[in-house]
Amino acid sequence: MCSLRRQGNIFVLTLTGAGEHRLNPTLIDAIKSSLLRVRAALPPPSVLITTAHGKFFSNGYDLAWSKSPDPVESDARGRLMVAKFKALVADFLSLPMPTIAAVNGHASAAGFVLALSHDYVLMRKDRGFLYMSELDIGLVIPRWFTAVIRCKIGSAAARRDVLLRSKKVTAEEAVAEGIVFSAHDGAEETLRAAVRLGEELEGRRWDGHVYGEIRMGLYSEIPEAIRLDGEMSGTASRL
């Protein structure tokens with residue numbers, strides 16, 4: 001499901017395999033386990049990079065996994081998947097170090113939100129797009145997803161296009177709109193660029209606790225939106 005390797009003071013978390021890296025409880029738990037290893041590492045690492053194998057960074061929630069002939073079971077699965085993903089995003093926001101997403105391919109819906117949960121997003125130019133698919137498939141976008149997008153995409157026009165046009169944003173468009181930090185030729189060069197950025201950030205020797213606290217203050221709207229979303233009812237509001 002995923003692997004974790006250390007390169008100096010940089011950890012590289014990779015979603016493995018050639019699939020879509022759909023976010024179901026098994027994959028989410030594997031990522032969370034890796035984040036626990038990052039937090040426990042001694043001496044502490046200074047930067048985390050997340051990337052993936054294949055043509056997808058992540059194609060969002062595993063909606064097929066959540067469905068069951070029994071409506072009660074289906075609802076329970078959906079609740080579990082969403083609760084685990086909320087906790088994962090909260091974990092990324094609280095990590096005491098800079099985080100970088102090296103987006104190797106398509107990042108859709110919850111997969112897009114996963115990428116935006118990092119401090120920096122780097123993206124390959126030759127394949128893949130960023131896409132909030134909910135409008136096209138008839139699902140309401142959860143308010144906490146909207147909070148992530150509002151915090152991480154500064155342009156009101158870009159937010160409108162992402163949410164109200166379901167625009168499939170290419171790497172070069174995403175750079176121009178301030179959604180991603182930089183775009184690169186191919187997955188390998190994107191990861192190399194992420195490592196170079198990681199080394200630059202690691203060289204600042206920042207206090208991780210201070211860094212994490214500043215990030216939490218900067219994006220305080222997101223944890224609050226996650227909390228409020230937990231008080232809502234209805235499957236459409238969660239998925």
# chains A, B, ... in the order shown; residues from 1 in each chain; ligands from 1
>>> residues_around(residues="Ile100 in chain A", least_positions_apart="2", cutoff="9 Å", atoms="only C-alpha atoms", output="list of chain:residue names")
A:Val47, A:Leu48, A:Ile49, A:Thr50, A:Thr51, A:Pro98, A:Ala102, A:Ala115, A:His118, A:Asp119, A:Tyr120, A:Val121, A:Leu122, A:Ala194, A:Val195, A:Leu197, A:Gly198
>>> residues_around(residues="range 53-69 of chain A", least_positions_apart="3", cutoff="6 Å", atoms="only C-alpha atoms", output="list in words")
Thr16, Gly17, Ala18, Glu20, His21, Arg22, Leu23, Asn24, Ser74, Arg77, Gly78, Val103, Asn104, Gly105, His106, Ala107, Ser108, Ala109, Ala110 and Gly111 of chain A
>>> write_last_selection(atoms="C-alpha atoms", output="CSV table (one decimal), in the first residue's frame")
chain,number,residue,atom,x,y,z
A,16,THR,CA,3.0,1.9,-4.0
A,17,GLY,CA,1.6,-0.1,-6.9
A,18,ALA,CA,0.0,0.8,-10.2
A,20,GLU,CA,-5.5,4.5,-8.3
A,21,HIS,CA,-4.5,4.7,-4.7
A,22,ARG,CA,-8.1,5.1,-3.6
A,23,LEU,CA,-8.5,6.2,0.0
A,24,ASN,CA,-10.1,3.4,1.9
A,74,SER,CA,-22.9,1.1,3.5
A,77,ARG,CA,-18.4,2.2,5.9
A,78,GLY,CA,-18.8,5.7,4.5
A,103,VAL,CA,2.2,14.7,-7.5
A,104,ASN,CA,3.1,12.1,-10.1
A,105,GLY,CA,-0.3,12.0,-11.8
A,106,HIS,CA,-4.0,12.5,-11.3
A,107,ALA,CA,-5.1,13.9,-7.9
A,108,SER,CA,-8.9,13.9,-7.7
A,109,ALA,CA,-11.5,14.8,-5.0
A,110,ALA,CA,-10.1,13.5,-1.7
A,111,GLY,CA,-6.8,12.8,-3.5
>>> closest_residue(among="A:Ser166, A:Thr14, A:Thr190, A:Ser33", to="Asp126 in chain A", atoms="only C-alpha atoms")
A:Thr190
>>> atom_distance(atom1="CA of Ala90 in chain A", atom2="CA of Ile10 in chain A")
20.6 Å
>>> atom_distance(atom1="CA of Val175 in chain A", atom2="CA of His209 in chain A")
29.4 Å
>>> decode(residues="range 171-218 of chain A", atoms="N, CA and C atoms", output="PDB file, in the first residue's frame")
ATOM      1  N   ALA A 171      -0.785  20.937 -14.684  1.00  0.00           N
ATOM      2  CA  ALA A 171       0.317  21.422 -13.849  1.00  0.00           C
ATOM      3  C   ALA A 171       0.649  22.876 -14.164  1.00  0.00           C
ATOM      4  N   GLU A 172       0.758  23.202 -15.434  1.00  0.00           N
ATOM      5  CA  GLU A 172       1.144  24.569 -15.791  1.00  0.00           C
ATOM      6  C   GLU A 172       0.048  25.559 -15.412  1.00  0.00           C
ATOM      7  N   GLU A 173      -1.215  25.170 -15.579  1.00  0.00           N
ATOM      8  CA  GLU A 173      -2.311  26.028 -15.122  1.00  0.00           C
ATOM      9  C   GLU A 173      -2.273  26.183 -13.608  1.00  0.00           C
ATOM     10  N   ALA A 174      -1.973  25.105 -12.913  1.00  0.00           N
ATOM     11  CA  ALA A 174      -1.945  25.148 -11.448  1.00  0.00           C
ATOM     12  C   ALA A 174      -0.840  26.063 -10.937  1.00  0.00           C
ATOM     13  N   VAL A 175       0.300  26.070 -11.622  1.00  0.00           N
ATOM     14  CA  VAL A 175       1.372  27.001 -11.245  1.00  0.00           C
ATOM     15  C   VAL A 175       0.909  28.435 -11.463  1.00  0.00           C
ATOM     16  N   ALA A 176       0.318  28.708 -12.629  1.00  0.00           N
ATOM     17  CA  ALA A 176      -0.129  30.062 -12.953  1.00  0.00           C
ATOM     18  C   ALA A 176      -1.185  30.555 -11.966  1.00  0.00           C
ATOM     19  N   GLU A 177      -2.008  29.633 -11.453  1.00  0.00           N
ATOM     20  CA  GLU A 177      -3.082  30.009 -10.533  1.00  0.00           C
ATOM     21  C   GLU A 177      -2.662  29.944  -9.067  1.00  0.00           C
ATOM     22  N   GLY A 178      -1.390  29.616  -8.822  1.00  0.00           N
ATOM     23  CA  GLY A 178      -0.888  29.578  -7.457  1.00  0.00           C
ATOM     24  C   GLY A 178      -1.330  28.380  -6.653  1.00  0.00           C
ATOM     25  N   ILE A 179      -1.798  27.327  -7.336  1.00  0.00           N
ATOM     26  CA  ILE A 179      -2.251  26.133  -6.628  1.00  0.00           C
ATOM     27  C   ILE A 179      -1.067  25.237  -6.290  1.00  0.00           C
ATOM     28  N   VAL A 180      -0.109  25.129  -7.201  1.00  0.00           N
ATOM     29  CA  VAL A 180       1.072  24.317  -6.943  1.00  0.00           C
ATOM     30  C   VAL A 180       2.316  25.198  -6.997  1.00  0.00           C
ATOM     31  N   PHE A 181       3.363  24.721  -6.351  1.00  0.00           N
ATOM     32  CA  PHE A 181       4.604  25.482  -6.209  1.00  0.00           C
ATOM     33  C   PHE A 181       5.412  25.481  -7.499  1.00  0.00           C
ATOM     34  N   SER A 182       5.508  24.333  -8.171  1.00  0.00           N
ATOM     35  CA  SER A 182       6.283  24.235  -9.401  1.00  0.00           C
ATOM     36  C   SER A 182       5.863  23.002 -10.177  1.00  0.00           C
ATOM     37  N   ALA A 183       6.169  22.997 -11.492  1.00  0.00           N
ATOM     38  CA  ALA A 183       5.837  21.885 -12.382  1.00  0.00           C
ATOM     39  C   ALA A 183       7.104  21.393 -13.066  1.00  0.00           C
ATOM     40  N   HIS A 184       7.154  20.065 -13.348  1.00  0.00           N
ATOM     41  CA  HIS A 184       8.397  19.452 -13.807  1.00  0.00           C
ATOM     42  C   HIS A 184       8.118  18.388 -14.864  1.00  0.00           C
ATOM     43  N   ASP A 185       9.167  18.035 -15.596  1.00  0.00           N
ATOM     44  CA  ASP A 185       9.064  17.068 -16.683  1.00  0.00           C
ATOM     45  C   ASP A 185       9.151  15.646 -16.143  1.00  0.00           C
ATOM     46  N   GLY A 186       8.022  15.000 -15.942  1.00  0.00           N
ATOM     47  CA  GLY A 186       7.997  13.610 -15.538  1.00  0.00           C
ATOM     48  C   GLY A 186       7.997  13.404 -14.039  1.00  0.00           C
ATOM     49  N   ALA A 187       7.611  12.187 -13.650  1.00  0.00           N
ATOM     50  CA  ALA A 187       7.493  11.862 -12.230  1.00  0.00           C
ATOM     51  C   ALA A 187       8.843  11.875 -11.531  1.00  0.00           C
ATOM     52  N   GLU A 188       9.869  11.344 -12.179  1.00  0.00           N
ATOM     53  CA  GLU A 188      11.186  11.275 -11.539  1.00  0.00           C
ATOM     54  C   GLU A 188      11.749  12.660 -11.293  1.00  0.00           C
ATOM     55  N   GLU A 189      11.609  13.557 -12.266  1.00  0.00           N
ATOM     56  CA  GLU A 189      12.115  14.912 -12.074  1.00  0.00           C
ATOM     57  C   GLU A 189      11.293  15.654 -11.024  1.00  0.00           C
ATOM     58  N   THR A 190       9.996  15.362 -10.946  1.00  0.00           N
ATOM     59  CA  THR A 190       9.174  15.986  -9.908  1.00  0.00           C
ATOM     60  C   THR A 190       9.652  15.567  -8.532  1.00  0.00           C
ATOM     61  N   LEU A 191       9.956  14.290  -8.369  1.00  0.00           N
ATOM     62  CA  LEU A 191      10.453  13.824  -7.080  1.00  0.00           C
ATOM     63  C   LEU A 191      11.830  14.404  -6.795  1.00  0.00           C
ATOM     64  N   ARG A 192      12.695  14.475  -7.796  1.00  0.00           N
ATOM     65  CA  ARG A 192      14.013  15.076  -7.578  1.00  0.00           C
ATOM     66  C   ARG A 192      13.883  16.541  -7.155  1.00  0.00           C
ATOM     67  N   ALA A 193      12.959  17.255  -7.800  1.00  0.00           N
ATOM     68  CA  ALA A 193      12.736  18.652  -7.423  1.00  0.00           C
ATOM     69  C   ALA A 193      12.216  18.755  -5.991  1.00  0.00           C
ATOM     70  N   ALA A 194      11.355  17.815  -5.596  1.00  0.00           N
ATOM     71  CA  ALA A 194      10.850  17.808  -4.218  1.00  0.00           C
ATOM     72  C   ALA A 194      11.979  17.572  -3.229  1.00  0.00           C
ATOM     73  N   VAL A 195      12.905  16.680  -3.574  1.00  0.00           N
ATOM     74  CA  VAL A 195      14.052  16.424  -2.690  1.00  0.00           C
ATOM     75  C   VAL A 195      14.929  17.678  -2.607  1.00  0.00           C
ATOM     76  N   ARG A 196      15.156  18.347  -3.734  1.00  0.00           N
ATOM     77  CA  ARG A 196      15.955  19.577  -3.701  1.00  0.00           C
ATOM     78  C   ARG A 196      15.295  20.625  -2.810  1.00  0.00           C
ATOM     79  N   LEU A 197      13.983  20.783  -2.954  1.00  0.00           N
ATOM     80  CA  LEU A 197      13.267  21.724  -2.090  1.00  0.00           C
ATOM     81  C   LEU A 197      13.360  21.275  -0.645  1.00  0.00           C
ATOM     82  N   GLY A 198      13.211  19.972  -0.401  1.00  0.00           N
ATOM     83  CA  GLY A 198      13.327  19.458   0.961  1.00  0.00           C
ATOM     84  C   GLY A 198      14.686  19.755   1.571  1.00  0.00           C
ATOM     85  N   GLU A 199      15.740  19.596   0.787  1.00  0.00           N
ATOM     86  CA  GLU A 199      17.089  19.883   1.288  1.00  0.00           C
ATOM     87  C   GLU A 199      17.246  21.365   1.599  1.00  0.00           C
ATOM     88  N   GLU A 200      16.638  22.219   0.769  1.00  0.00           N
ATOM     89  CA  GLU A 200      16.686  23.653   1.033  1.00  0.00           C
ATOM     90  C   GLU A 200      15.974  23.992   2.338  1.00  0.00           C
ATOM     91  N   LEU A 201      14.790  23.407   2.534  1.00  0.00           N
ATOM     92  CA  LEU A 201      14.043  23.671   3.762  1.00  0.00           C
ATOM     93  C   LEU A 201      14.741  23.082   4.976  1.00  0.00           C
ATOM     94  N   GLU A 202      15.287  21.873   4.813  1.00  0.00           N
ATOM     95  CA  GLU A 202      15.993  21.220   5.916  1.00  0.00           C
ATOM     96  C   GLU A 202      17.196  22.044   6.348  1.00  0.00           C
ATOM     97  N   GLY A 203      17.820  22.716   5.391  1.00  0.00           N
ATOM     98  CA  GLY A 203      18.982  23.522   5.706  1.00  0.00           C
ATOM     99  C   GLY A 203      18.704  24.723   6.584  1.00  0.00           C
ATOM    100  N   ARG A 204      17.434  25.081   6.732  1.00  0.00           N
ATOM    101  CA  ARG A 204      17.093  26.213   7.606  1.00  0.00           C
ATOM    102  C   ARG A 204      17.146  25.846   9.079  1.00  0.00           C
ATOM    103  N   ARG A 205      17.118  24.543   9.370  1.00  0.00           N
ATOM    104  CA  ARG A 205      17.242  24.047  10.758  1.00  0.00           C
ATOM    105  C   ARG A 205      16.181  24.652  11.676  1.00  0.00           C
ATOM    106  N   TRP A 206      14.967  24.711  11.179  1.00  0.00           N
ATOM    107  CA  TRP A 206      13.881  25.244  11.988  1.00  0.00           C
ATOM    108  C   TRP A 206      13.508  24.296  13.115  1.00  0.00           C
ATOM    109  N   ASP A 207      12.992  24.843  14.190  1.00  0.00           N
ATOM    110  CA  ASP A 207      12.426  24.049  15.271  1.00  0.00           C
ATOM    111  C   ASP A 207      11.093  23.470  14.790  1.00  0.00           C
ATOM    112  N   GLY A 208      10.982  22.141  14.787  1.00  0.00           N
ATOM    113  CA  GLY A 208       9.793  21.495  14.243  1.00  0.00           C
ATOM    114  C   GLY A 208       8.524  21.844  14.993  1.00  0.00           C
ATOM    115  N   HIS A 209       8.626  21.922  16.322  1.00  0.00           N
ATOM    116  CA  HIS A 209       7.442  22.249  17.107  1.00  0.00           C
ATOM    117  C   HIS A 209       6.939  23.639  16.750  1.00  0.00           C
ATOM    118  N   VAL A 210       7.850  24.580  16.633  1.00  0.00           N
ATOM    119  CA  VAL A 210       7.467  25.946  16.273  1.00  0.00           C
ATOM    120  C   VAL A 210       6.837  25.964  14.883  1.00  0.00           C
ATOM    121  N   TYR A 211       7.451  25.243  13.950  1.00  0.00           N
ATOM    122  CA  TYR A 211       6.925  25.189  12.582  1.00  0.00           C
ATOM    123  C   TYR A 211       5.495  24.652  12.578  1.00  0.00           C
ATOM    124  N   GLY A 212       5.278  23.540  13.282  1.00  0.00           N
ATOM    125  CA  GLY A 212       3.955  22.937  13.319  1.00  0.00           C
ATOM    126  C   GLY A 212       2.909  23.848  13.944  1.00  0.00           C
ATOM    127  N   GLU A 213       3.287  24.552  15.002  1.00  0.00           N
ATOM    128  CA  GLU A 213       2.338  25.450  15.665  1.00  0.00           C
ATOM    129  C   GLU A 213       1.970  26.621  14.762  1.00  0.00           C
ATOM    130  N   ILE A 214       2.955  27.154  14.025  1.00  0.00           N
ATOM    131  CA  ILE A 214       2.662  28.252  13.101  1.00  0.00           C
ATOM    132  C   ILE A 214       1.712  27.774  12.003  1.00  0.00           C
ATOM    133  N   ARG A 215       1.965  26.577  11.477  1.00  0.00           N
ATOM    134  CA  ARG A 215       1.079  26.033  10.444  1.00  0.00           C
ATOM    135  C   ARG A 215      -0.345  25.877  10.974  1.00  0.00           C
ATOM    136  N   MET A 216      -0.481  25.334  12.164  1.00  0.00           N
ATOM    137  CA  MET A 216      -1.815  25.138  12.729  1.00  0.00           C
ATOM    138  C   MET A 216      -2.534  26.477  12.907  1.00  0.00           C
ATOM    139  N   GLY A 217      -1.791  27.519  13.269  1.00  0.00           N
ATOM    140  CA  GLY A 217      -2.405  28.841  13.379  1.00  0.00           C
ATOM    141  C   GLY A 217      -2.810  29.389  12.021  1.00  0.00           C
ATOM    142  N   LEU A 218      -1.954  29.176  11.016  1.00  0.00           N
ATOM    143  CA  LEU A 218      -2.225  29.681   9.676  1.00  0.00           C
ATOM    144  C   LEU A 218      -3.476  29.050   9.084  1.00  0.00           C
TER     145      LEU A 218
END
